[in-house]
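Student: My structure is stored as structure-v5.pdb, with PDB, C-alpha atoms, pLDDT in the B column.
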ATOM      1  CA  MET A  28      12.313  30.325  14.079  1.00 81.00           C
ATOM      2  CA  LYS A  29       9.006  29.867  12.247  1.00 85.00           C
ATOM      3  CA  ILE A  30       8.462  26.228  11.232  1.00 88.00           C
ATOM      4  CA  ILE A  31       6.698  25.794   7.888  1.00 89.00           C
ATOM      5  CA  VAL A  32       6.746  22.061   7.177  1.00 88.00           C
ATOM      6  CA  GLN A  33       7.826  19.062   9.263  1.00 90.00           C
ATOM      7  CA  ASN A  34       8.490  15.475   8.227  1.00 88.00           C
ATOM      8  CA  LYS A  35       7.264  13.595  11.306  1.00 85.00           C
ATOM      9  CA  LYS A  36       7.269  10.245   9.533  1.00 86.00           C
ATOM     10  CA  ALA A  37      11.025  10.518   8.962  1.00 86.00           C
ATOM     11  CA  LEU A  38      11.685  10.541  12.709  1.00 83.00           C
ATOM     12  CA  PHE A  39       9.744   7.286  12.997  1.00 81.00           C
ATOM     13  CA  ASP A  40      11.258   5.598   9.947  1.00 84.00           C
ATOM     14  CA  TYR A  41      14.919   6.567  10.492  1.00 86.00           C
ATOM     15  CA  ASP A  42      17.460   6.532  13.309  1.00 85.00           C
ATOM     16  CA  ILE A  43      18.873  10.056  13.068  1.00 88.00           C
ATOM     17  CA  ALA A  44      22.566  10.231  13.980  1.00 88.00           C
ATOM     18  CA  TYR A  45      22.934  14.011  13.704  1.00 88.00           C
ATOM     19  CA  ARG A  46      21.314  17.062  12.144  1.00 92.00           C
ATOM     20  CA  VAL A  47      22.607  19.768   9.799  1.00 93.00           C
ATOM     21  CA  GLU A  48      21.094  23.118   8.809  1.00 93.00           C
ATOM     22  CA  ALA A  49      21.233  23.987   5.105  1.00 93.00           C
ATOM     23  CA  GLY A  50      20.075  26.834   2.936  1.00 93.00           C
ATOM     24  CA  VAL A  51      18.078  26.195  -0.209  1.00 92.00           C
ATOM     25  CA  VAL A  52      17.959  27.896  -3.617  1.00 90.00           C
ATOM     26  CA  LEU A  53      14.343  28.951  -4.314  1.00 87.00           C
ATOM     27  CA  THR A  54      12.464  31.250  -6.652  1.00 81.00           C
ATOM     28  CA  GLY A  55      10.292  34.113  -5.433  1.00 81.00           C
ATOM     29  CA  ASN A  56       7.080  32.170  -6.080  1.00 81.00           C
ATOM     30  CA  GLU A  57       8.296  29.291  -3.946  1.00 84.00           C
ATOM     31  CA  VAL A  58       9.199  31.556  -1.039  1.00 85.00           C
ATOM     32  CA  LYS A  59       5.758  33.200  -1.127  1.00 85.00           C
ATOM     33  CA  SER A  60       4.149  29.774  -1.253  1.00 85.00           C
ATOM     34  CA  LEU A  61       6.158  28.697   1.799  1.00 86.00           C
ATOM     35  CA  ARG A  62       5.085  31.844   3.645  1.00 88.00           C
ATOM     36  CA  ALA A  63       1.519  30.647   3.045  1.00 86.00           C
ATOM     37  CA  LYS A  64       2.571  27.317   4.698  1.00 88.00           C
ATOM     38  CA  ARG A  65       2.182  25.289   1.528  1.00 86.00           C
ATOM     39  CA  GLY A  66       4.628  22.496   0.872  1.00 86.00           C
ATOM     40  CA  SER A  67       5.361  18.881   1.666  1.00 85.00           C
ATOM     41  CA  LEU A  68       8.410  16.827   2.599  1.00 87.00           C
ATOM     42  CA  ASN A  69       6.748  13.412   2.206  1.00 87.00           C
ATOM     43  CA  GLY A  70       9.040  11.075   0.319  1.00 85.00           C
ATOM     44  CA  SER A  71      11.757  13.679  -0.128  1.00 88.00           C
ATOM     45  CA  PHE A  72      15.468  13.040   0.310  1.00 88.00           C
ATOM     46  CA  ALA A  73      18.811  14.680  -0.396  1.00 89.00           C
ATOM     47  CA  THR A  74      21.450  13.295  -2.700  1.00 89.00           C
ATOM     48  CA  VAL A  75      24.970  14.237  -3.762  1.00 90.00           C
ATOM     49  CA  LYS A  76      25.577  15.017  -7.444  1.00 90.00           C
ATOM     50  CA  GLY A  77      29.160  15.891  -8.200  1.00 86.00           C
ATOM     51  CA  ASP A  78      30.278  18.364  -5.536  1.00 87.00           C
ATOM     52  CA  GLU A  79      26.780  19.614  -4.719  1.00 90.00           C
ATOM     53  CA  LEU A  80      23.855  18.494  -2.588  1.00 91.00           C
ATOM     54  CA  PHE A  81      20.339  18.450  -4.056  1.00 93.00           C
ATOM     55  CA  LEU A  82      16.895  18.040  -2.490  1.00 91.00           C
ATOM     56  CA  LEU A  83      14.629  15.721  -4.491  1.00 90.00           C
ATOM     57  CA  ASN A  84      10.840  15.113  -4.354  1.00 88.00           C
ATOM     58  CA  CYS A  85      10.164  18.116  -2.120  1.00 86.00           C
ATOM     59  CA  ASN A  86       6.805  19.503  -3.217  1.00 84.00           C
ATOM     60  CA  ILE A  87       6.499  23.309  -3.090  1.00 85.00           C
ATOM     61  CA  PRO A  88       3.535  24.370  -5.253  1.00 82.00           C
ATOM     62  CA  ALA A  89       3.427  27.617  -7.188  1.00 79.00           C
ATOM     63  CA  TYR A  90       2.078  30.667  -5.372  1.00 78.00           C
ATOM     64  CA  SER A  91      -1.632  31.121  -6.095  1.00 73.00           C
ATOM     65  CA  HIS A  92      -1.333  34.814  -7.120  1.00 72.00           C
ATOM     66  CA  ALA A  93       1.920  34.459  -9.075  1.00 68.00           C
ATOM     67  CA  TYR A  94       2.222  35.855 -12.590  1.00 66.00           C
ATOM     68  CA  SER A  95       3.562  32.652 -14.124  1.00 63.00           C
ATOM     69  CA  LYS A  96       2.440  29.355 -12.657  1.00 58.00           C
ATOM     70  CA  ASP A  97       4.533  26.427 -13.805  1.00 60.00           C
ATOM     71  CA  GLU A  98       2.914  23.318 -12.347  1.00 59.00           C
ATOM     72  CA  ASP A  99       5.806  21.072 -13.377  1.00 59.00           C
ATOM     73  CA  THR A 100       8.238  22.972 -11.142  1.00 65.00           C
ATOM     74  CA  ALA A 101       6.437  22.000  -7.916  1.00 65.00           C
ATOM     75  CA  SER A 102       8.613  18.953  -7.272  1.00 66.00           C
ATOM     76  CA  ARG A 103      11.798  19.959  -9.092  1.00 78.00           C
ATOM     77  CA  SER A 104      15.210  19.266  -7.585  1.00 83.00           C
ATOM     78  CA  ARG A 105      16.567  22.154  -5.507  1.00 88.00           C
ATOM     79  CA  LYS A 106      20.181  22.899  -4.665  1.00 91.00           C
ATOM     80  CA  LEU A 107      21.111  22.911  -0.979  1.00 92.00           C
ATOM     81  CA  LEU A 108      23.719  25.338   0.324  1.00 93.00           C
ATOM     82  CA  LEU A 109      26.304  24.121   2.840  1.00 93.00           C
ATOM     83  CA  HIS A 110      29.829  25.008   3.854  1.00 94.00           C
ATOM     84  CA  ARG A 111      32.473  22.879   2.152  1.00 93.00           C
ATOM     85  CA  LYS A 112      33.508  21.123   5.403  1.00 93.00           C
ATOM     86  CA  GLU A 113      29.907  20.163   6.180  1.00 91.00           C
ATOM     87  CA  LEU A 114      29.365  18.956   2.619  1.00 91.00           C
ATOM     88  CA  ASN A 115      32.511  16.810   2.705  1.00 91.00           C
ATOM     89  CA  LYS A 116      31.391  15.307   6.011  1.00 90.00           C
ATOM     90  CA  LEU A 117      27.976  14.467   4.524  1.00 89.00           C
ATOM     91  CA  ILE A 118      29.565  12.918   1.423  1.00 88.00           C
ATOM     92  CA  GLY A 119      31.694  10.727   3.689  1.00 88.00           C
ATOM     93  CA  GLU A 120      28.654   9.649   5.699  1.00 85.00           C
ATOM     94  CA  VAL A 121      26.536   8.859   2.645  1.00 86.00           C
ATOM     95  CA  SER A 122      29.301   6.728   1.139  1.00 85.00           C
ATOM     96  CA  GLN A 123      28.708   4.243   3.966  1.00 81.00           C
ATOM     97  CA  LYS A 124      26.130   1.588   3.204  1.00 80.00           C
ATOM     98  CA  GLY A 125      22.584   2.332   4.352  1.00 81.00           C
ATOM     99  CA  THR A 126      23.124   5.961   5.381  1.00 88.00           C
ATOM    100  CA  THR A 127      20.760   8.542   3.882  1.00 90.00           C
ATOM    101  CA  ILE A 128      20.099  12.268   4.173  1.00 91.00           C
ATOM    102  CA  ILE A 129      16.490  13.079   5.046  1.00 92.00           C
ATOM    103  CA  PRO A 130      14.923  16.556   5.308  1.00 93.00           C
ATOM    104  CA  LEU A 131      13.234  16.941   8.690  1.00 93.00           C
ATOM    105  CA  LYS A 132      11.971  20.553   8.730  1.00 91.00           C
ATOM    106  CA  VAL A 133      11.630  23.598   6.543  1.00 92.00           C
ATOM    107  CA  TYR A 134      11.594  26.892   8.436  1.00 93.00           C
ATOM    108  CA  PHE A 135      12.361  30.591   8.307  1.00 91.00           C
ATOM    109  CA  ASN A 136      15.311  31.608  10.465  1.00 90.00           C
ATOM    110  CA  ASP A 137      15.589  34.893  12.396  1.00 91.00           C
ATOM    111  CA  LYS A 138      16.733  36.758   9.272  1.00 91.00           C
ATOM    112  CA  GLY A 139      13.741  35.538   7.229  1.00 87.00           C
ATOM    113  CA  ARG A 140      15.726  33.035   5.139  1.00 91.00           C
ATOM    114  CA  VAL A 141      14.372  29.605   4.255  1.00 90.00           C
ATOM    115  CA  LYS A 142      16.406  26.841   5.895  1.00 92.00           C
ATOM    116  CA  ILE A 143      16.096  23.069   5.812  1.00 94.00           C
ATOM    117  CA  GLU A 144      17.102  20.839   8.696  1.00 93.00           C
ATOM    118  CA  LEU A 145      18.645  17.650   7.338  1.00 93.00           C
ATOM    119  CA  GLY A 146      19.020  14.465   9.330  1.00 92.00           C
ATOM    120  CA  VAL A 147      21.700  11.895   8.590  1.00 91.00           C
ATOM    121  CA  GLY A 148      20.678   8.416   9.586  1.00 88.00           C
ATOM    122  CA  LYS A 149      19.872   4.823   8.760  1.00 86.00           C
ATOM    123  CA  HIS A 150      16.512   3.287   7.953  1.00 84.00           C
ATOM    124  CA  ARG A 151      14.881   1.642  10.948  1.00 79.00           C
ATOM    125  CA  LYS A 152      13.803  -1.971  10.580  1.00 79.00           C
ATOM    126  CA  ALA A 153      10.331  -3.231  11.547  1.00 75.00           C
ATOM    127  CA  GLU A 154      11.615  -4.608  14.877  1.00 77.00           C
ATOM    128  CA  GLY A 155      13.049  -1.210  15.766  1.00 74.00           C
ATOM    129  CA  LYS A 156       9.733   0.470  14.996  1.00 77.00           C
ATOM    130  CA  LYS A 157       7.864  -1.997  17.216  1.00 83.00           C
ATOM    131  CA  GLN A 158      10.359  -1.424  20.019  1.00 83.00           C
ATOM    132  CA  LEU A 159       9.948   2.351  19.675  1.00 83.00           C
ATOM    133  CA  LEU A 160       6.154   2.083  19.887  1.00 85.00           C
ATOM    134  CA  LYS A 161       6.444  -0.182  22.930  1.00 89.00           C
ATOM    135  CA  GLU A 162       8.746   2.310  24.701  1.00 88.00           C
ATOM    136  CA  ARG A 163       6.361   5.181  23.925  1.00 86.00           C
ATOM    137  CA  ASP A 164       3.418   3.243  25.364  1.00 90.00           C
ATOM    138  CA  ILE A 165       5.349   2.432  28.543  1.00 92.00           C
ATOM    139  CA  ASN A 166       6.392   6.076  28.980  1.00 91.00           C
ATOM    140  CA  ARG A 167       2.815   7.234  28.411  1.00 92.00           C
ATOM    141  CA  GLU A 168       1.463   4.794  31.011  1.00 91.00           C
ATOM    142  CA  THR A 169       4.049   5.823  33.620  1.00 92.00           C
ATOM    143  CA  GLN A 170       3.248   9.505  33.031  1.00 91.00           C
ATOM    144  CA  ARG A 171      -0.469   8.774  33.543  1.00 89.00           C
ATOM    145  CA  GLU A 172       0.242   6.902  36.768  1.00 88.00           C
ATOM    146  CA  LEU A 173       2.458   9.714  38.072  1.00 87.00           C
ATOM    147  CA  LYS A 174      -0.204  12.265  37.184  1.00 86.00           C
ATOM    148  CA  ASN A 175      -2.915  10.267  39.035  1.00 85.00           C
ATOM    149  CA  LEU A 176      -0.741  10.001  42.165  1.00 81.00           C
ATOM    150  CA  ARG A 177      -0.488  13.776  42.540  1.00 74.00           C
TER     151      ARG A 177
END
What's the structure tokens form of this structure?
Tutor:
Amino acid sequence: MKIIVQNKKALFDYDIAYRVEAGVVLTGNEVKSLRAKRGSLNGSFATVKGDELFLLNCNIPAYSHAYSKDEDTASRSRKLLLHRKELNKLIGEVSQKGTTIIPLKVYFNDKGRVKIELGVGKHRKAEGKKQLLKERDINRETQRELKNLR
């Protein structure tokens, strides 16, 4: 698994309940651009339209040596590919108040296909973020103390 892009901020901003792997419909230019490690997941999310799942605000720029470079297609909506059971489960989760689908990673799997790891979770409030930072600091301090004792 070769990771291309990660959305580290999403792990801080959301409580992720579970993760799902999905395929994505891309053009050849976009795949070549991803192989060059160009792309961004900042501010992107997935939404259900009809019976399909779409990725919005994911920025994949056109490949630099491509024949046709359409700049307006960099942040177009892209269809996500899931099995029907997984899609129905996601639709049921999203129907609950406050639950969202957030892309966490874009990577190439063992067969060379582009996959997106989606996280289903709720937005974390400011108190939860402070608590998370406090726990990280405590864990870091205990690890330092244990390291100094050895």
Student: List the residues selected by the PyMOL selection byres ((chain A and resi 79-90) around 6) in the file shown, writing them as a list in words.
Tutor: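 Selected by the PyMOL selection byres ((chain A and resi 79-90) around 6) here: Asn56, Ser60, Gly66, Ser67, Leu68, Ser71, Phe72, Ala73, Thr74, Val75, Lys76, Gly77, Asp78, Ser91, His92, Ala93, Lys96, Ala101, Ser102, Ser104, Arg105, Lys106 and Leu107 of chain A.
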Student: As an exercise, work out the distance from CA of Leu114 (chain A) to CA of Thr126 (chain A) in Å and give it to one decimal place.
Tutor: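 Separating CA of Leu114 (chain A) from CA of Thr126 (chain A) is a distance of 14.7 Å.
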Student: Kindly give the distance, in Å, that separates CA of Ile128 (chain A) and CA of Leu145 (chain A), rounded to a single decimal.
Tutor: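 Answer for the CA of Ile128 (chain A) to CA of Leu145 (chain A) separation: 6.4 Å.
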Student: Enter the distance from CA of Thr169 (chain A) to CA of Lys156 (chain A), in Å, rounded to one decimal.
Tutor: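 For CA of Thr169 (chain A) relative to CA of Lys156 (chain A), the distance reads 20.2 Å.
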Student: List the residues matched by the PyMOL selection byres ((chain A and resi 46) around 7) in the displayed structure as a PyMOL selection string, ordered by chain and then by residue number.
Tutor: chain A and resi 45+47-48+144-147
Student: Counting only C-alpha atoms, which residue out of A:Ile31, A:Ile43, A:Val52, A:Ile129 sits closest to Arg151 (chain A)?
Tutor: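 Result for the nearest residue to Arg151 (chain A): A:Ile43.
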Student: Report as AutoDock Vina command-line options the centre and the edge lengths, in Å to one decimal, of the axis-aligned box holding every listed atom of region 47-54 of chain A, padded by 3 Å on each side.
Tutor:
--center_x 17.5 --center_y 25.5 --center_z 1.6 --size_x 16.1 --size_y 17.5 --size_z 22.5
Student: Taking only C-alpha atoms into account, name the residue in A:Lys149, A:Arg163, A:Lys29, A:Lys64 that is nearest to Lys124 (chain A).
Tutor: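 So, comparing all the options, the nearest one is A:Lys149.
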